[in-house]
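Asks: For reference, this is structure.pdb, and it has PDB, C-alpha atoms.
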```
MODEL        1
ATOM      1  CA  MET W  22      88.145 -57.124  81.407
ATOM      2  CA  LYS W  23      91.216 -55.125  80.445
ATOM      3  CA  SER W  24      90.045 -51.722  79.257
ATOM      4  CA  LEU W  25      92.694 -49.237  80.385
ATOM      5  CA  ILE W  26      95.142 -47.368  78.151
ATOM      6  CA  LEU W  27      98.307 -45.846  79.580
ATOM      7  CA  ALA W  28      99.644 -42.836  77.687
ATOM      8  CA  ILE W  29     103.005 -41.072  77.883
ATOM      9  CA  GLU W  30     103.679 -37.494  76.794
ATOM     10  CA  SER W  31     107.212 -36.091  76.559
ATOM     11  CA  SER W  32     107.289 -34.029  73.364
ATOM     12  CA  CYS W  33     108.966 -30.999  74.913
ATOM     13  CA  ASP W  34     109.533 -30.052  78.542
ATOM     14  CA  ASP W  35     106.598 -31.676  80.361
ATOM     15  CA  SER W  36     106.801 -35.266  81.621
ATOM     16  CA  SER W  37     103.301 -36.697  81.872
ATOM     17  CA  ILE W  38     101.538 -40.049  82.164
ATOM     18  CA  ALA W  39      97.811 -40.780  82.179
ATOM     19  CA  VAL W  40      95.583 -43.824  82.393
ATOM     20  CA  ILE W  41      92.125 -43.758  80.835
ATOM     21  CA  ASP W  42      89.298 -46.282  80.581
ATOM     22  CA  LYS W  43      88.556 -46.694  76.873
ATOM     23  CA  ASN W  44      84.975 -47.760  77.546
ATOM     24  CA  THR W  45      83.907 -44.922  79.838
ATOM     25  CA  LEU W  46      86.581 -42.264  79.118
ATOM     26  CA  GLU W  47      87.122 -42.039  82.864
ATOM     27  CA  CYS W  48      90.540 -40.742  83.840
ATOM     28  CA  LYS W  49      92.018 -43.205  86.310
ATOM     29  CA  PHE W  50      95.352 -41.470  86.732
ATOM     30  CA  HIS W  51      97.060 -38.332  85.509
ATOM     31  CA  LYS W  52     100.221 -36.607  86.582
ATOM     32  CA  LYS W  53     102.528 -34.081  85.000
ATOM     33  CA  ILE W  54     105.927 -32.821  86.108
ATOM     34  CA  SER W  55     106.913 -29.508  84.560
ATOM     35  CA  GLN W  56     110.488 -28.483  83.808
ATOM     36  CA  GLU W  57     109.741 -24.758  83.622
ATOM     37  CA  LEU W  58     111.883 -23.843  86.622
ATOM     38  CA  GLU W  59     114.977 -25.622  85.288
ATOM     39  CA  HIS W  60     114.673 -24.080  81.809
ATOM     40  CA  SER W  61     113.785 -20.579  83.025
ATOM     41  CA  VAL W  62     117.476 -19.937  83.750
ATOM     42  CA  TYR W  63     118.164 -20.191  80.005
ATOM     43  CA  GLY W  64     115.096 -18.302  78.784
ATOM     44  CA  GLY W  65     113.868 -21.304  76.812
ATOM     45  CA  VAL W  66     113.904 -25.079  76.536
ATOM     46  CA  VAL W  67     117.346 -26.716  76.358
ATOM     47  CA  PRO W  68     116.857 -30.111  74.588
ATOM     48  CA  GLU W  69     119.661 -31.971  76.354
ATOM     49  CA  LEU W  70     118.458 -30.786  79.760
ATOM     50  CA  ALA W  71     114.875 -31.713  78.885
ATOM     51  CA  ALA W  72     115.917 -35.254  77.981
ATOM     52  CA  ARG W  73     117.841 -35.679  81.221
ATOM     53  CA  LEU W  74     114.906 -34.450  83.304
ATOM     54  CA  HIS W  75     112.490 -36.748  81.432
ATOM     55  CA  SER W  76     114.691 -39.721  82.291
ATOM     56  CA  GLN W  77     114.257 -38.833  85.970
ATOM     57  CA  ALA W  78     110.588 -37.818  86.022
ATOM     58  CA  LEU W  79     108.934 -40.428  83.796
ATOM     59  CA  PRO W  80     110.038 -43.513  85.823
ATOM     60  CA  SER W  81     108.929 -41.746  88.997
ATOM     61  CA  ILE W  82     105.440 -41.112  87.586
ATOM     62  CA  LEU W  83     105.165 -44.597  86.074
ATOM     63  CA  TRP W  84     105.884 -46.170  89.452
ATOM     64  CA  GLN W  85     102.865 -44.323  90.897
ATOM     65  CA  CYS W  86     100.431 -45.930  88.469
ATOM     66  CA  LYS W  87     101.751 -49.516  88.549
ATOM     67  CA  GLU W  88      98.519 -50.697  90.219
ATOM     68  CA  TYR W  89      96.818 -50.352  86.805
ATOM     69  CA  PHE W  90      99.301 -52.486  84.855
ATOM     70  CA  ASN W  91      97.278 -55.699  85.073
ATOM     71  CA  ARG W  92      94.238 -53.937  83.579
ATOM     72  CA  LEU W  93      95.989 -52.323  80.615
ATOM     73  CA  CYS W  94      94.948 -53.157  77.062
ATOM     74  CA  ALA W  95      97.425 -50.833  75.303
ATOM     75  CA  VAL W  96     100.242 -48.340  75.744
ATOM     76  CA  ALA W  97     100.172 -45.020  73.862
ATOM     77  CA  VAL W  98     102.912 -42.461  73.399
ATOM     78  CA  THR W  99     103.479 -39.142  71.654
ATOM     79  CA  ASN W 100     105.769 -39.793  68.678
ATOM     80  CA  GLU W 101     105.458 -36.529  66.698
ATOM     81  CA  PRO W 102     106.115 -33.619  66.458
ATOM     82  CA  GLY W 103     108.507 -32.355  69.119
ATOM     83  CA  LEU W 104     112.092 -32.359  70.332
ATOM     84  CA  SER W 105     113.681 -35.609  69.186
ATOM     85  CA  VAL W 106     115.540 -36.252  72.456
ATOM     86  CA  SER W 107     112.378 -35.567  74.462
ATOM     87  CA  LEU W 108     110.157 -37.729  72.279
ATOM     88  CA  LEU W 109     112.692 -40.549  72.481
ATOM     89  CA  SER W 110     112.442 -40.577  76.287
ATOM     90  CA  GLY W 111     108.732 -41.343  76.161
ATOM     91  CA  ILE W 112     108.953 -43.701  73.203
ATOM     92  CA  SER W 113     111.659 -45.795  74.850
ATOM     93  CA  MET W 114     109.578 -46.163  77.995
ATOM     94  CA  ALA W 115     106.403 -46.960  76.042
ATOM     95  CA  LYS W 116     108.120 -49.639  73.964
ATOM     96  CA  THR W 117     109.684 -51.229  77.016
ATOM     97  CA  LEU W 118     106.362 -51.296  78.877
ATOM     98  CA  ALA W 119     104.382 -52.575  75.875
ATOM     99  CA  SER W 120     106.957 -55.321  75.287
ATOM    100  CA  ALA W 121     107.094 -56.363  78.945
ATOM    101  CA  LEU W 122     103.306 -56.539  79.269
ATOM    102  CA  ASN W 123     102.748 -57.865  75.717
ATOM    103  CA  LEU W 124     100.458 -54.969  74.807
ATOM    104  CA  PRO W 125      99.752 -53.069  71.564
ATOM    105  CA  LEU W 126     101.710 -49.847  71.052
ATOM    106  CA  ILE W 127      99.814 -46.773  69.839
ATOM    107  CA  PRO W 128     101.788 -43.798  68.443
ATOM    108  CA  ILE W 129      99.912 -40.508  68.767
ATOM    109  CA  ASN W 130     100.471 -37.217  66.977
ATOM    110  CA  HIS W 131     100.897 -34.498  69.587
ATOM    111  CA  LEU W 132      98.782 -31.985  67.638
ATOM    112  CA  LYS W 133      95.926 -34.462  67.333
ATOM    113  CA  GLY W 134      96.177 -34.878  71.079
ATOM    114  CA  HIS W 135      95.536 -31.179  71.529
ATOM    115  CA  ILE W 136      92.341 -31.467  69.477
ATOM    116  CA  TYR W 137      91.183 -34.279  71.745
ATOM    117  CA  SER W 138      91.690 -32.010  74.766
ATOM    118  CA  LEU W 139      88.279 -30.594  73.776
ATOM    119  CA  PHE W 140      86.666 -34.023  74.115
ATOM    120  CA  LEU W 141      88.289 -35.618  77.150
ATOM    121  CA  GLU W 142      84.989 -36.985  78.435
ATOM    122  CA  SER W 143      82.884 -37.010  75.281
ATOM    123  CA  LYS W 144      82.745 -38.258  71.719
ATOM    124  CA  LEU W 145      84.804 -36.408  69.114
ATOM    125  CA  GLU W 146      82.694 -33.808  67.290
ATOM    126  CA  LYS W 147      83.560 -33.203  63.650
ATOM    127  CA  ASP W 148      82.614 -30.606  61.031
ATOM    128  CA  GLY W 149      84.185 -27.624  62.768
ATOM    129  CA  GLY W 150      87.128 -25.274  62.880
ATOM    130  CA  ILE W 151      90.158 -25.693  65.129
ATOM    131  CA  LEU W 152      92.507 -22.915  66.219
ATOM    132  CA  LEU W 153      95.748 -24.353  67.572
ATOM    133  CA  VAL W 154      97.951 -21.850  69.385
ATOM    134  CA  SER W 155     100.988 -23.064  71.293
ATOM    135  CA  GLY W 156     104.671 -22.473  71.819
ATOM    136  CA  GLY W 157     105.512 -24.417  68.686
ATOM    137  CA  HIS W 158     102.501 -24.045  66.430
ATOM    138  CA  THR W 159      99.867 -21.573  65.263
ATOM    139  CA  MET W 160      97.344 -22.848  62.732
ATOM    140  CA  VAL W 161      93.684 -23.003  61.773
ATOM    141  CA  LEU W 162      92.287 -26.350  60.650
ATOM    142  CA  TYR W 163      88.977 -27.653  59.386
ATOM    143  CA  LEU W 164      87.962 -31.023  60.826
ATOM    144  CA  ALA W 165      85.596 -32.549  58.278
ATOM    145  CA  ASN W 166      82.887 -35.131  58.864
ATOM    146  CA  ASP W 167      85.058 -37.865  57.361
ATOM    147  CA  GLY W 168      87.827 -37.133  59.863
ATOM    148  CA  SER W 169      90.112 -35.426  57.362
ATOM    149  CA  LEU W 170      91.976 -32.309  58.455
ATOM    150  CA  GLU W 171      92.349 -29.358  56.102
ATOM    151  CA  LEU W 172      95.074 -26.853  56.904
ATOM    152  CA  ILE W 173      93.564 -23.413  56.325
ATOM    153  CA  ALA W 174      96.241 -21.150  57.769
ATOM    154  CA  ARG W 175      99.507 -21.422  59.652
ATOM    155  CA  THR W 176     102.291 -19.146  60.816
ATOM    156  CA  ASN W 177     105.009 -18.185  58.369
ATOM    157  CA  ASP W 178     107.575 -17.869  61.151
ATOM    158  CA  ASP W 179     107.226 -17.678  64.945
ATOM    159  CA  SER W 180     104.233 -19.151  66.705
ATOM    160  CA  PHE W 181     101.849 -17.164  68.908
ATOM    161  CA  GLY W 182     103.206 -18.726  72.100
ATOM    162  CA  GLU W 183     106.814 -18.470  70.968
ATOM    163  CA  SER W 184     106.443 -14.728  70.391
ATOM    164  CA  PHE W 185     105.337 -14.283  74.020
ATOM    165  CA  ASP W 186     108.383 -16.244  75.208
ATOM    166  CA  LYS W 187     110.749 -14.150  73.110
ATOM    167  CA  VAL W 188     109.255 -10.809  74.135
ATOM    168  CA  ALA W 189     109.491 -11.877  77.777
ATOM    169  CA  LYS W 190     113.128 -12.788  77.222
ATOM    170  CA  MET W 191     113.806  -9.349  75.693
ATOM    171  CA  MET W 192     112.617  -7.759  78.913
ATOM    172  CA  ASN W 193     114.327 -10.323  81.173
ATOM    173  CA  LEU W 194     111.007 -11.440  82.594
ATOM    174  CA  GLY W 195     111.610 -15.187  82.716
ATOM    175  CA  TYR W 196     110.282 -18.305  81.017
ATOM    176  CA  PRO W 197     107.704 -19.322  79.933
ATOM    177  CA  GLY W 198     106.564 -15.876  78.871
ATOM    178  CA  GLY W 199     102.851 -16.390  78.196
ATOM    179  CA  LEU W 200     101.423 -15.942  81.675
ATOM    180  CA  ILE W 201     104.121 -13.424  82.652
ATOM    181  CA  ILE W 202     103.247 -11.126  79.729
ATOM    182  CA  GLU W 203      99.516 -11.592  80.289
ATOM    183  CA  ASN W 204      99.698 -10.655  83.974
ATOM    184  CA  LEU W 205     102.055  -7.764  83.315
ATOM    185  CA  ALA W 206      99.756  -6.363  80.623
ATOM    186  CA  LYS W 207      96.959  -6.103  83.202
ATOM    187  CA  LYS W 208      99.052  -3.535  85.088
ATOM    188  CA  ALA W 209      99.320  -1.137  82.133
ATOM    189  CA  GLN W 210      97.794   2.236  82.964
ATOM    190  CA  LEU W 211      98.553   4.578  80.078
ATOM    191  CA  LYS W 212      98.216   1.985  77.304
ATOM    192  CA  ASN W 213     100.035   4.393  75.038
ATOM    193  CA  ILE W 214     102.410   1.990  73.249
ATOM    194  CA  HIS W 215     100.927   0.587  70.074
ATOM    195  CA  PHE W 216     102.196  -1.926  67.524
ATOM    196  CA  SER W 217     100.855  -2.562  64.041
ATOM    197  CA  ILE W 218      98.759  -5.670  63.516
ATOM    198  CA  PRO W 219     100.777  -8.081  61.343
ATOM    199  CA  LEU W 220      99.521  -8.720  57.790
ATOM    200  CA  LYS W 221      96.551  -6.461  58.469
ATOM    201  CA  HIS W 222      96.065  -5.496  54.835
ATOM    202  CA  SER W 223      97.133  -8.816  53.343
ATOM    203  CA  LYS W 224      94.562 -11.255  51.968
ATOM    204  CA  GLU W 225      96.925 -14.130  52.730
ATOM    205  CA  LEU W 226      95.480 -16.618  55.185
ATOM    206  CA  ALA W 227      98.573 -16.898  57.329
ATOM    207  CA  PHE W 228     100.034 -15.661  60.581
ATOM    208  CA  SER W 229     103.338 -13.922  61.211
ATOM    209  CA  PHE W 230     104.802 -12.799  64.512
ATOM    210  CA  SER W 231     108.446 -12.131  63.631
ATOM    211  CA  GLY W 232     107.768  -8.552  62.516
ATOM    212  CA  LEU W 233     105.808  -7.772  65.660
ATOM    213  CA  LYS W 234     108.555  -9.301  67.777
ATOM    214  CA  ASN W 235     111.121  -7.095  66.044
ATOM    215  CA  ALA W 236     108.938  -4.021  66.505
ATOM    216  CA  VAL W 237     108.892  -4.682  70.246
ATOM    217  CA  ARG W 238     112.673  -5.080  70.209
ATOM    218  CA  MET W 239     113.103  -1.738  68.429
ATOM    219  CA  GLU W 240     110.773  -0.051  70.920
ATOM    220  CA  ILE W 241     112.751  -1.447  73.847
ATOM    221  CA  LEU W 242     115.959  -0.025  72.384
ATOM    222  CA  LYS W 243     114.531   3.482  72.705
ATOM    223  CA  TYR W 244     114.853   3.345  76.474
ATOM    224  CA  GLU W 245     117.957   3.182  78.612
ATOM    225  CA  ASN W 246     116.125   1.527  81.479
ATOM    226  CA  LEU W 247     112.915  -0.455  81.620
ATOM    227  CA  ASP W 248     111.014   0.099  84.849
ATOM    228  CA  GLU W 249     107.982  -1.995  85.788
ATOM    229  CA  LYS W 250     105.499   0.576  84.468
ATOM    230  CA  LEU W 251     107.180   0.670  81.068
ATOM    231  CA  LYS W 252     107.380  -3.115  80.916
ATOM    232  CA  ALA W 253     103.653  -3.255  81.582
ATOM    233  CA  GLU W 254     102.941  -0.828  78.746
ATOM    234  CA  LEU W 255     105.127  -2.838  76.365
ATOM    235  CA  ALA W 256     103.464  -6.091  77.413
ATOM    236  CA  TYR W 257     100.019  -4.600  76.882
ATOM    237  CA  GLY W 258     100.849  -3.198  73.453
ATOM    238  CA  PHE W 259     102.438  -6.441  72.298
ATOM    239  CA  GLN W 260      99.668  -8.712  73.582
ATOM    240  CA  LYS W 261      96.976  -6.477  72.077
ATOM    241  CA  SER W 262      98.567  -6.626  68.621
ATOM    242  CA  ALA W 263      99.294 -10.375  68.805
ATOM    243  CA  CYS W 264      95.722 -11.222  69.813
ATOM    244  CA  GLU W 265      94.149  -8.858  67.295
ATOM    245  CA  HIS W 266      96.281 -10.480  64.592
ATOM    246  CA  ILE W 267      94.698 -13.835  65.437
ATOM    247  CA  LEU W 268      91.233 -12.288  65.400
ATOM    248  CA  ASP W 269      91.822 -10.429  62.128
ATOM    249  CA  LYS W 270      92.789 -13.583  60.244
ATOM    250  CA  LEU W 271      90.036 -15.623  61.855
ATOM    251  CA  GLU W 272      87.440 -13.115  60.740
ATOM    252  CA  LYS W 273      88.679 -13.467  57.159
ATOM    253  CA  ILE W 274      88.448 -17.245  57.524
ATOM    254  CA  PHE W 275      84.928 -17.007  58.949
ATOM    255  CA  HIS W 276      83.810 -15.298  55.736
ATOM    256  CA  LEU W 277      85.017 -18.303  53.732
ATOM    257  CA  TYR W 278      84.145 -21.123  56.136
ATOM    258  CA  LYS W 279      80.788 -20.995  57.851
ATOM    259  CA  PHE W 280      81.950 -22.744  61.005
ATOM    260  CA  LYS W 281      79.185 -23.914  63.325
ATOM    261  CA  ASN W 282      81.753 -24.291  66.056
ATOM    262  CA  LEU W 283      85.358 -23.317  66.697
ATOM    263  CA  GLY W 284      87.572 -25.312  69.028
ATOM    264  CA  VAL W 285      90.582 -23.541  70.527
ATOM    265  CA  VAL W 286      93.456 -25.686  71.775
ATOM    266  CA  GLY W 287      97.140 -25.531  72.684
ATOM    267  CA  GLY W 288      99.074 -24.115  75.600
ATOM    268  CA  ALA W 289      98.679 -20.501  74.468
ATOM    269  CA  SER W 290      94.882 -20.901  74.334
ATOM    270  CA  ALA W 291      94.973 -20.403  78.109
ATOM    271  CA  ASN W 292      95.489 -16.675  77.470
ATOM    272  CA  LEU W 293      92.340 -15.115  78.934
ATOM    273  CA  THR W 294      92.567 -11.993  76.762
ATOM    274  CA  LEU W 295      92.564 -14.149  73.641
ATOM    275  CA  ARG W 296      89.690 -16.238  74.999
ATOM    276  CA  SER W 297      87.603 -13.138  75.634
ATOM    277  CA  LEU W 298      88.181 -11.784  72.128
ATOM    278  CA  LEU W 299      87.408 -15.163  70.557
ATOM    279  CA  SER W 300      84.174 -15.367  72.521
ATOM    280  CA  LYS W 301      83.028 -12.032  71.081
ATOM    281  CA  LEU W 302      84.049 -13.044  67.561
ATOM    282  CA  CYS W 303      82.137 -16.321  67.756
ATOM    283  CA  GLN W 304      79.052 -14.554  69.084
ATOM    284  CA  LYS W 305      79.229 -12.183  66.114
ATOM    285  CA  TYR W 306      79.195 -15.110  63.669
ATOM    286  CA  ASN W 307      76.774 -17.300  65.630
ATOM    287  CA  CYS W 308      79.512 -19.872  66.122
ATOM    288  CA  GLU W 309      79.864 -22.015  69.226
ATOM    289  CA  LEU W 310      83.229 -21.571  70.946
ATOM    290  CA  LYS W 311      84.727 -24.734  72.421
ATOM    291  CA  LEU W 312      87.587 -24.351  74.882
ATOM    292  CA  ALA W 313      89.719 -26.989  76.538
ATOM    293  CA  PRO W 314      89.834 -26.865  80.364
ATOM    294  CA  LEU W 315      92.629 -24.537  81.443
ATOM    295  CA  GLU W 316      94.500 -27.335  83.221
ATOM    296  CA  TYR W 317      94.612 -29.346  79.971
ATOM    297  CA  CYS W 318      95.559 -26.589  77.511
ATOM    298  CA  SER W 319      99.278 -27.207  77.843
ATOM    299  CA  ASP W 320     100.990 -30.499  77.010
ATOM    300  CA  ASN W 321      99.546 -33.395  79.003
ATOM    301  CA  ALA W 322      99.207 -37.159  78.750
ATOM    302  CA  LEU W 323      95.431 -37.239  79.244
ATOM    303  CA  MET W 324      94.813 -35.711  75.805
ATOM    304  CA  ILE W 325      97.179 -38.329  74.346
ATOM    305  CA  ALA W 326      95.283 -41.064  76.178
ATOM    306  CA  ARG W 327      91.956 -39.760  74.869
ATOM    307  CA  ALA W 328      93.261 -39.707  71.303
ATOM    308  CA  ALA W 329      94.536 -43.254  71.851
ATOM    309  CA  VAL W 330      91.026 -44.465  72.692
ATOM    310  CA  ASP W 331      89.825 -43.736  69.148
ATOM    311  CA  ALA W 332      93.104 -44.996  67.676
ATOM    312  CA  TYR W 333      92.640 -48.278  69.575
ATOM    313  CA  GLU W 334      89.192 -48.780  68.051
ATOM    314  CA  LYS W 335      90.742 -48.274  64.596
ATOM    315  CA  LYS W 336      93.602 -50.651  65.492
ATOM    316  CA  GLU W 337      96.210 -48.020  64.649
ATOM    317  CA  PHE W 338      99.029 -49.968  66.274
ATOM    318  CA  ALA W 339     102.781 -49.931  65.657
ATOM    319  CA  PHE W 340     105.295 -52.748  65.923
ATOM    320  CA  ILE W 341     107.613 -52.578  68.921
ATOM    321  CA  GLU W 342     110.598 -52.841  66.553
ATOM    322  CA  GLU W 343     109.275 -50.056  64.320
ATOM    323  CA  ASP W 344     110.997 -46.658  64.300
ATOM    324  CA  ILE W 345     108.086 -44.387  65.194
ATOM    325  CA  LEU W 346     110.137 -41.346  66.203
ATOM    326  CA  SER W 347     109.118 -38.400  64.013
ATOM    327  CA  PRO W 348     110.271 -35.015  65.378
ATOM    328  CA  LYS W 349     108.784 -33.189  62.399
ATOM    329  CA  ASN W 350     105.043 -33.392  61.852
ATOM    330  CA  LYS W 351     104.336 -36.010  59.151
ATOM    331  CA  ASN W 352     100.995 -37.548  60.028
ATOM    332  CA  PHE W 353      98.436 -34.837  60.471
ATOM    333  CA  SER W 354      95.947 -35.272  57.640
ATOM    334  CA  ARG W 355      93.302 -37.289  59.467
ATOM    335  CA  ILE W 356      91.977 -37.814  62.940
TER     336      ILE W 356
ENDMDL
END
```
Could you spell out this file's structure in structure tokens?

Replies:
Amino acid sequence: MKSLILAIESSCDDSSIAVIDKNTLECKFHKKISQELEHSVYGGVVPELAARLHSQALPSILWQCKEYFNRLCAVAVTNEPGLSVSLLSGISMAKTLASALNLPLIPINHLKGHIYSLFLESKLEKDGGILLVSGGHTMVLYLANDGSLELIARTNDDSFGESFDKVAKMMNLGYPGGLIIENLAKKAQLKNIHFSIPLKHSKELAFSFSGLKNAVRMEILKYENLDEKLKAELAYGFQKSACEHILDKLEKIFHLYKFKNLGVVGGASANLTLRSLLSKLCQKYNCELKLAPLEYCSDNALMIARAAVDAYEKKEFAFIEEDILSPKNKNFSRI
């Protein structure tokens, strides 16, 4: 019986393919090729370069899982949101494969995929809060029992992960900046550089990191040279304010929504400082904290494959000829 779904993820700068058994949720194959090294030279993702690297990496990965082709029942692919040229790389491959093997095509919203990273081997649990923190997005959602998604709060400007990348770039630390800043902050000794928590006294349920980013920039300008000790102090002060901003707004949300559980997803959710603070917050409100495995926090095809399992059951298929490319998020109201 054909029960395998092959999924392709190429929304930004990670080329990834996974194969999952829709009946058992067993991962049969998963591989990801990162482009971090190539983009680090530029301090961020270059779309044209990303597309070129996808065109090299995706066929290489697909060749490694060809033994599963005769057992496939569907092909899934990330179609939104993301870089258009990157998304197109995966979509083109998915359409070609689905057409050649005469299989249904399943378009998957990348953000929904991140939610499914919490349930890679289990049934989707509803009626809970979701904190999504990544390089492109920062938002809090409520996943209701009927599968509808309510947007509670989102960033007004930069995302949590993006702010780490930009601060790292200011100090010429490299890309991506998340882990670099986190590790550097651990080396801070004096911890004497402090930044205000964004929107601390605002009742608005929203996030904002542009002001904090600018405050770091202004602090850097005070010094002629940044030695490693000073960089560590800056990293610590920035990370502390960024994480406390997340916690401050979440606490306000917890007063309005009595979450029984809070799932935390997205590449930036791998930040251990943030995880520790969220654990304490959830304990305070008797809320169960659900975290995706560290290796599946960032973009990956397994979360897309898992989301495709439920989509397959609902027959959420697309025509091969249909234009499913949607760089901007348009389909994120239900799961």

Asks: Quick one: contact table of range 97-162 of chain W to range 298-317 of chain W, 9 Å max, nearest atom pair and distance in Å to one decimal per residue, counting all atoms listed in the file, chain and number order, as a Markdown table?

Replies:
```
| residue | atom | partner | partner_atom | distance |
| --- | --- | --- | --- | --- |
| W:His135 | CA | W:Tyr317 | CA | 8.7 |
| W:Ile136 | CA | W:Ala313 | CA | 8.8 |
| W:Tyr137 | CA | W:Ala313 | CA | 8.8 |
| W:Ser138 | CA | W:Ala313 | CA | 5.7 |
| W:Leu139 | CA | W:Ala313 | CA | 4.8 |
| W:Phe140 | CA | W:Ala313 | CA | 8.0 |
| W:Leu141 | CA | W:Ala313 | CA | 8.8 |
```

Asks: Quick one: which residues end up in the PyMOL selection byres ((chain W and resi 323-333) around 9) for this structure, as a VMD selection string?

Replies: chain W and resid 26 to 30 37 to 44 46 48 50 to 52 95 to 99 125 127 to 131 133 to 142 145 317 320 to 322 334 to 338 356

Asks: As a list in words, please: the residues near Val237 in chain W (cut-off 10 Å, all atoms listed in the file, same-chain neighbours under 6 positions excluded).

Replies: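 That gives Val188, Met191, Met192, Ile214, His215, Phe216, Ser231, Leu255, Ala256, Gly258 and Phe259 of chain W.
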
Asks: Report, in Å with one decimal, the straight-line distance from CA of Val286 in chain W to CA of Trp84 in chain W.

Replies: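 It comes out at 29.8 Å.
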
Asks: What do you get, as a ChimeraX atom specification, if you spell out every residue that the PyMOL selection byres ((chain W and resi 71) around 10) selects here?

Replies: /W:31-36,56-57,59-60,66-70,72-76,104,106-107,110

Asks: In Å, rounded to a single decimal, give me how far CA of Gly199 in chain W is from CA of Lys221 in chain W.

Replies: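 Going from CA of Lys221 in chain W over to CA of Gly199 in chain W covers 23.0 Å.
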
Asks: Would you compute the distance between CA of Thr176 in chain W and CA of Asn292 in chain W? Give it in Å to one decimal.

Replies: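 Between CA of Thr176 in chain W and CA of Asn292 in chain W the gap works out to 18.2 Å.
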
Asks: Can you spell out as a VMD selection string the set of residues that the PyMOL selection byres ((chain W and resi 185) around 8) selects in the structure I just provided?

Replies: chain W and resid 181 to 184 186 to 189 198 to 199 202 260

Asks: Output the selection as a PDB file, keeping the file's coordinate frame - C-alpha atoms for each residue.

Replies:
```pdb
ATOM      1  CA  PHE W 181     101.849 -17.164  68.908  1.00  0.00           C
ATOM      2  CA  GLY W 182     103.206 -18.726  72.100  1.00  0.00           C
ATOM      3  CA  GLU W 183     106.814 -18.470  70.968  1.00  0.00           C
ATOM      4  CA  SER W 184     106.443 -14.728  70.391  1.00  0.00           C
ATOM      5  CA  ASP W 186     108.383 -16.244  75.208  1.00  0.00           C
ATOM      6  CA  LYS W 187     110.749 -14.150  73.110  1.00  0.00           C
ATOM      7  CA  VAL W 188     109.255 -10.809  74.135  1.00  0.00           C
ATOM      8  CA  ALA W 189     109.491 -11.877  77.777  1.00  0.00           C
ATOM      9  CA  GLY W 198     106.564 -15.876  78.871  1.00  0.00           C
ATOM     10  CA  GLY W 199     102.851 -16.390  78.196  1.00  0.00           C
ATOM     11  CA  ILE W 202     103.247 -11.126  79.729  1.00  0.00           C
ATOM     12  CA  GLN W 260      99.668  -8.712  73.582  1.00  0.00           C
TER      13      GLN W 260
END
```

Asks: Residues within 10 Å of (91.4, -7.1, 68.5), file coordinates, counting all atoms listed in the file: what are they? Give the list as a list in words.

Replies: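 So the residues meeting the distance criterion are Ile218, Gln260, Lys261, Ser262, Ala263, Cys264, Glu265, His266, Ile267, Leu268, Asp269, Thr294, Leu295, Leu298, Leu299 and Leu302 of chain W.
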
Asks: Using all atoms listed in the file, determine which residues lie at most 7 Å from Leu109 in chain W, disregarding the query and same-chain residues fewer than 4 positions distant; provide the list as a PyMOL selection string.

Replies: chain W and resi 105+113+346

Asks: Pull C-alpha atoms from the residues just selected and write them as a PDB file, in the coordinates of the input.

Replies:
```
ATOM      1  CA  SER W 105     113.681 -35.609  69.186  1.00  0.00           C
ATOM      2  CA  SER W 113     111.659 -45.795  74.850  1.00  0.00           C
ATOM      3  CA  LEU W 346     110.137 -41.346  66.203  1.00  0.00           C
TER       4      LEU W 346
END
```

Asks: With distances taken over only C-alpha atoms, which residue among W:Arg175, W:Lys252, W:Lys116, W:Lys144 lies nearest Asn100 in chain W?

Replies: W:Lys116

Asks: Restricting the calculation to all atoms listed in the file: of W:Leu93, W:Gln77, W:Ile54, W:Leu211, which residue gets closest to Leu251 in chain W?

Replies: W:Leu211

Asks: Pick from W:Tyr63, W:Tyr163, W:Phe90, W:Tyr196: nearest to Gly284 in chain W, with all atoms listed in the file counted?

Replies: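 Looking only at the distances to Gly284 in chain W, the closest residue turns out to be W:Tyr163.
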
Asks: Return the single residue from W:Ser223, W:Ser229, W:Asn91, W:Asn350 that is closest to Thr159 in chain W, with distances computed using all atoms listed in the file.

Replies: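 Closest residue, counting all atoms listed in the file: W:Ser229.
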
Asks: Which residue out of W:Leu132, W:Ala253, W:Ala115, W:Leu58 has the minimum interatomic distance to Asn204 in chain W when all atoms listed in the file are used?

Replies: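 Result for the nearest residue to Asn204 in chain W: W:Ala253.
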
Asks: Here is a test: counting all atoms listed in the file, which residue of W:Lys53, W:Tyr257, W:Gly150, W:Ile82 is nearest to Lys279 in chain W?

Replies: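 Checking each candidate against Lys279 in chain W, we get W:Gly150 as the closest.
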
Asks: Since the input lacks atoms, please generate N, CA and C atoms for range 312-316 of chain W and provide them as a compact mmCIF listing (two decimals), in the frame of the given file.

Replies:
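Heads up, here's the output in selection.txt:
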```txt
# COMPACT_ATOMS: atom_id res chain seq x y z
N LEU W 312 86.30 -24.58 74.26
CA LEU W 312 87.59 -24.35 74.88
C LEU W 312 87.98 -25.55 75.75
N ALA W 313 89.23 -25.92 75.68
CA ALA W 313 89.72 -26.99 76.54
C ALA W 313 89.83 -26.46 77.97
N PRO W 314 89.64 -27.31 78.98
CA PRO W 314 89.83 -26.86 80.36
C PRO W 314 91.23 -26.28 80.52
N LEU W 315 91.35 -25.22 81.30
CA LEU W 315 92.63 -24.54 81.44
C LEU W 315 93.75 -25.48 81.86
N GLU W 316 93.45 -26.44 82.73
CA GLU W 316 94.50 -27.34 83.22
C GLU W 316 94.97 -28.33 82.16
```
